[in-house]
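Peer 1: Got a file for you: upload11.pdb, PDB, C-alpha atoms.
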ATOM      1  CA  MET L 524     -11.914   6.051   9.653
ATOM      2  CA  THR L 525      -9.564   8.181   7.560
ATOM      3  CA  ILE L 526      -7.669   6.925   4.523
ATOM      4  CA  GLN L 527      -4.612   8.812   3.265
ATOM      5  CA  ILE L 528      -3.560   8.369  -0.351
ATOM      6  CA  ILE L 529       0.178   7.889  -0.848
ATOM      7  CA  GLN L 530       1.469   9.766  -3.900
ATOM      8  CA  GLU L 531       3.941   7.158  -5.109
ATOM      9  CA  ALA L 532       3.879   4.410  -7.706
ATOM     10  CA  PHE L 533       4.944   1.113  -6.113
ATOM     11  CA  SER L 534       6.633  -2.120  -7.153
ATOM     12  CA  VAL L 535       6.359  -5.502  -5.475
ATOM     13  CA  CYS L 536       9.666  -7.333  -5.823
ATOM     14  CA  LYS L 537      11.645 -10.432  -4.972
ATOM     15  CA  VAL L 538      15.268  -9.492  -4.279
ATOM     16  CA  ALA L 539      18.510 -11.395  -3.787
ATOM     17  CA  ASP L 540      19.208  -9.335  -0.653
ATOM     18  CA  TYR L 541      18.453  -5.893   0.769
ATOM     19  CA  SER L 542      21.875  -4.365   0.118
ATOM     20  CA  GLY L 543      20.691  -2.265  -2.822
ATOM     21  CA  ILE L 544      17.850  -0.466  -1.057
ATOM     22  CA  ASP L 545      17.780   2.377   1.435
ATOM     23  CA  LEU L 546      15.831   0.706   4.233
ATOM     24  CA  SER L 547      15.353   4.062   5.955
ATOM     25  CA  ALA L 548      13.518   5.580   2.961
ATOM     26  CA  PRO L 549       9.769   6.186   3.399
ATOM     27  CA  PHE L 550       7.420   3.453   2.206
ATOM     28  CA  VAL L 551       9.969   0.643   1.995
ATOM     29  CA  PHE L 552       8.534  -2.643   3.276
ATOM     30  CA  THR L 553      10.479  -5.899   3.536
ATOM     31  CA  GLY L 554       9.592  -9.471   4.330
ATOM     32  CA  SER L 555      12.021 -12.346   4.666
ATOM     33  CA  THR L 556      11.101 -16.041   4.863
ATOM     34  CA  ASP L 557      12.989 -19.287   4.419
ATOM     35  CA  GLU L 558      12.037 -19.120   0.714
ATOM     36  CA  GLU L 559      12.405 -15.491  -0.339
ATOM     37  CA  LYS L 560      13.193 -11.886   0.385
ATOM     38  CA  SER L 561      10.341  -9.596  -0.631
ATOM     39  CA  LEU L 562      10.384  -5.860  -1.075
ATOM     40  CA  VAL L 563       7.584  -3.362  -1.642
ATOM     41  CA  CYS L 564       8.867   0.103  -2.422
ATOM     42  CA  PRO L 565       8.378   3.134  -4.631
ATOM     43  CA  VAL L 566       9.266   2.300  -8.233
ATOM     44  CA  ARG L 567      12.065   4.869  -8.132
ATOM     45  CA  LEU L 568      13.797   2.845  -5.365
ATOM     46  CA  VAL L 569      13.739  -0.628  -6.944
ATOM     47  CA  PRO L 570      17.296  -1.993  -6.580
ATOM     48  CA  ASP L 571      19.439  -3.534  -9.306
ATOM     49  CA  ASN L 572      19.530  -6.917  -7.556
ATOM     50  CA  THR L 573      15.803  -7.497  -8.104
ATOM     51  CA  LEU L 574      15.063 -11.058  -9.220
ATOM     52  CA  GLU L 575      11.384 -10.509 -10.087
ATOM     53  CA  ARG L 576       9.138  -7.463  -9.943
ATOM     54  CA  GLU L 577       5.624  -6.324 -10.604
ATOM     55  CA  ASP L 578       5.115  -2.629 -11.169
ATOM     56  CA  GLY L 579       1.867  -0.711 -11.368
ATOM     57  CA  TRP L 580       0.693  -0.495  -7.756
ATOM     58  CA  ARG L 581      -0.784   2.454  -5.827
ATOM     59  CA  ALA L 582      -1.292   2.671  -2.060
ATOM     60  CA  PHE L 583      -3.223   4.251   0.756
ATOM     61  CA  ARG L 584      -2.948   3.910   4.494
ATOM     62  CA  ILE L 585      -5.315   3.982   7.406
ATOM     63  CA  GLU L 586      -4.446   7.216   9.215
ATOM     64  CA  GLY L 587      -3.405   7.248  12.829
ATOM     65  CA  GLN L 588      -1.962   4.626  15.103
ATOM     66  CA  LEU L 589      -4.274   1.639  15.251
ATOM     67  CA  ASP L 590      -4.677  -0.200  18.521
ATOM     68  CA  PHE L 591      -3.928  -3.928  18.305
ATOM     69  CA  SER L 592      -7.360  -4.656  19.793
ATOM     70  CA  LEU L 593      -9.123  -3.252  16.704
ATOM     71  CA  ILE L 594     -10.560  -6.093  14.660
ATOM     72  CA  GLY L 595     -11.760  -6.307  11.084
ATOM     73  CA  ILE L 596     -10.270  -3.196   9.473
ATOM     74  CA  ILE L 597      -8.479  -5.013   6.651
ATOM     75  CA  ALA L 598     -11.389  -7.449   6.401
ATOM     76  CA  ASP L 599     -13.847  -4.599   5.775
ATOM     77  CA  LEU L 600     -11.615  -2.865   3.227
ATOM     78  CA  SER L 601     -10.949  -6.175   1.532
ATOM     79  CA  ARG L 602     -14.659  -7.060   1.408
ATOM     80  CA  ILE L 603     -15.614  -3.731  -0.165
ATOM     81  CA  LEU L 604     -12.936  -4.054  -2.828
ATOM     82  CA  ALA L 605     -13.413  -7.800  -3.413
ATOM     83  CA  GLU L 606     -17.120  -7.249  -4.134
ATOM     84  CA  ALA L 607     -15.981  -4.906  -6.922
ATOM     85  CA  LYS L 608     -13.422  -7.476  -8.143
ATOM     86  CA  ILE L 609     -10.474  -5.310  -7.042
ATOM     87  CA  GLY L 610      -7.541  -7.284  -5.670
ATOM     88  CA  ILE L 611      -5.381  -5.934  -2.861
ATOM     89  CA  PHE L 612      -1.899  -6.328  -1.439
ATOM     90  CA  ALA L 613      -2.051  -5.606   2.295
ATOM     91  CA  ILE L 614       0.855  -4.567   4.499
ATOM     92  CA  SER L 615       0.635  -4.099   8.230
ATOM     93  CA  THR L 616       3.148  -2.169  10.314
ATOM     94  CA  PHE L 617       3.291  -1.590  14.053
ATOM     95  CA  ASN L 618       1.232   1.610  13.725
ATOM     96  CA  THR L 619      -1.211   0.994  10.892
ATOM     97  CA  ASP L 620      -2.222  -0.830   7.716
ATOM     98  CA  TYR L 621      -1.429  -0.084   4.085
ATOM     99  CA  ILE L 622      -3.487  -1.324   1.145
ATOM    100  CA  LEU L 623      -2.145  -1.463  -2.394
ATOM    101  CA  THR L 624      -4.230  -1.984  -5.509
ATOM    102  CA  LYS L 625      -3.204  -2.111  -9.123
ATOM    103  CA  SER L 626      -2.973   1.409 -10.566
ATOM    104  CA  LYS L 627      -5.763   0.733 -13.056
ATOM    105  CA  ASP L 628      -8.167   0.017 -10.162
ATOM    106  CA  PHE L 629      -6.994   2.680  -7.726
ATOM    107  CA  ALA L 630      -9.411   5.544  -8.515
ATOM    108  CA  ARG L 631     -12.350   3.141  -8.431
ATOM    109  CA  ALA L 632     -11.145   1.632  -5.129
ATOM    110  CA  VAL L 633     -10.894   5.065  -3.524
ATOM    111  CA  GLU L 634     -14.352   5.989  -4.817
ATOM    112  CA  LEU L 635     -15.867   2.789  -3.406
ATOM    113  CA  LEU L 636     -14.256   3.317  -0.008
ATOM    114  CA  ALA L 637     -15.479   6.921   0.128
ATOM    115  CA  ARG L 638     -19.011   5.716  -0.678
ATOM    116  CA  ALA L 639     -18.684   3.148   2.103
ATOM    117  CA  GLY L 640     -18.044   5.930   4.609
ATOM    118  CA  TYR L 641     -14.264   6.109   4.753
ATOM    119  CA  HIS L 642     -12.983   9.682   5.027
ATOM    120  CA  LEU L 643     -10.469  10.786   2.372
ATOM    121  CA  PRO L 644      -9.212  14.258   3.288
ATOM    122  CA  ALA L 645      -7.688  16.648   0.802
ATOM    123  CA  THR L 646      -4.440  17.930   2.298
ATOM    124  CA  GLY L 647      -2.145  20.798   1.481
ATOM    125  CA  ASP L 648       0.972  18.619   1.356
ATOM    126  CA  GLY L 649       0.455  17.260  -2.150
ATOM    127  CA  ARG L 650      -0.966  13.912  -1.056
ATOM    128  CA  GLY L 651      -4.664  14.846  -0.963
ATOM    129  CA  LEU L 652      -7.084  13.219  -3.351
ATOM    130  CA  SER L 653      -4.877  13.206  -6.416
ATOM    131  CA  LEU L 654      -5.492   9.857  -8.061
ATOM    132  CA  ARG L 655      -2.785  10.220 -10.731
TER     133      ARG L 655
END
Could you take the file, read its structure, and then write that structure out as structure tokens?
Peer 2:
Amino acid sequence: MTIQIIQEAFSVCKVADYSGIDLSAPFVFTGSTDEEKSLVCPVRLVPDNTLEREDGWRAFRIEGQLDFSLIGIIADLSRILAEAKIGIFAISTFNTDYILTKSKDFARAVELLARAGYHLPATGDGRGLSLR
């Protein structure tokens, strides 16, 4: 399975509403419940109406469109990282899964996943294996 590193720094936020964010921008994830409105987005896109935020996250995604019948992908990634005491923030979309870790743990997380057999290609589009 191939993992693609996303070259953005992320924030996890609680917002009053979504009016201050460009919902069509890449890597903007929202979740609304009866108790809160959550937003995960690149740090550069955090809106002014943020009530709480936690910066310092990095992300990667499972490449390709995952079939809904596939079982255990997040569980395996989570297990590998949990054994190394690395916490995750998981986001699933229709096509695939995204995993965020704290920036301080990101290089180690990527190294552990590569050792576990996950493929991390270097690409020519600037995303590659840069762990900055």
Peer 1: Give the answer as one residue: which of L:Ala539, L:Leu636, L:Asp578, L:Gln530 has the shortest atom-to-atom distance to Ala605 in chain L, using only C-alpha atoms?
Peer 2: L:Leu636
Peer 1: Taking the file above as input, evaluate the PyMOL selection byres ((chain L and resi 546) around 12) and report the hits as a list in words.
Peer 2: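 When the PyMOL selection byres ((chain L and resi 546) around 12) is applied, the selected residues are Asp540, Tyr541, Ser542, Gly543, Ile544, Asp545, Ser547, Ala548, Pro549, Phe550, Val551, Phe552, Thr553, Gly554, Leu562, Val563, Cys564, Pro565, Leu568, Val569 and Pro570 of chain L.
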Peer 1: Mind telling me what the PyMOL selection byres ((chain L and resi 614) around 12) catches here, as a PyMOL selection string?
Peer 2: chain L and resi 535+550-554+561-564+582-585+597+611-613+615-624
Peer 1: Hey, which of L:Leu635, L:Glu559, L:Val566, L:Ala598 ends up closest to Ser534 in chain L? Count only C-alpha atoms.
Peer 2: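 Comparing L:Leu635, L:Glu559, L:Val566, L:Ala598 against Ser534 in chain L, the winner is L:Val566.
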Peer 1: Considering only C-alpha atoms, state which residue in the set L:Lys627, L:Lys560, L:Arg638, L:Lys608 is at the smallest distance from Thr573 in chain L.
Peer 2: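 Closest to Thr573 in chain L, using only C-alpha atoms: L:Lys560.
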Peer 1: Which residue, L:Glu634, L:Lys625, L:Leu600, L:Gln527, has the smallest gap to Gly579 in chain L when you use only C-alpha atoms?
Peer 2: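 Closest residue, counting only C-alpha atoms: L:Lys625.
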Peer 1: Enter the distance from CA of Met524 in chain L to CA of Glu586 in chain L, in Å, rounded to one decimal.
Peer 2: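 That distance, rounded to one decimal, is 7.6 Å.
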Peer 1: What's the separation between CA of His642 in chain L and CA of Ala532 in chain L, in Å to one decimal place?
Peer 2: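 These atoms are spaced 21.8 Å apart.
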Peer 1: As an exercise, work out the distance from CA of Leu574 in chain L to CA of Val538 in chain L in Å and give it to one decimal place.
Peer 2: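 CA of Val538 in chain L lies 5.2 Å from CA of Leu574 in chain L.
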Peer 1: Could you write out as AutoDock Vina command-line options the box around range 629-644 of chain L (axis-aligned, all atoms listed in the file, 3 Å on each side), with centre and edge lengths in Å to one decimal?
Peer 2:
--center_x -13.0 --center_y 7.9 --center_z -1.7 --size_x 18.0 --size_y 18.6 --size_z 19.5
Peer 1: Using all atoms listed in the file, find the one residue out of L:Thr556, L:Ala630, L:Ile596, L:Asp571 that sits nearest to Ile609 in chain L.
Peer 2: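 Closest candidate: L:Ala630.
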Peer 1: Of the residues L:Ala607, L:Leu643, L:Ile529, L:Val633, which is the one nearest to Arg581 in chain L, using only C-alpha atoms?
Peer 2: L:Ile529
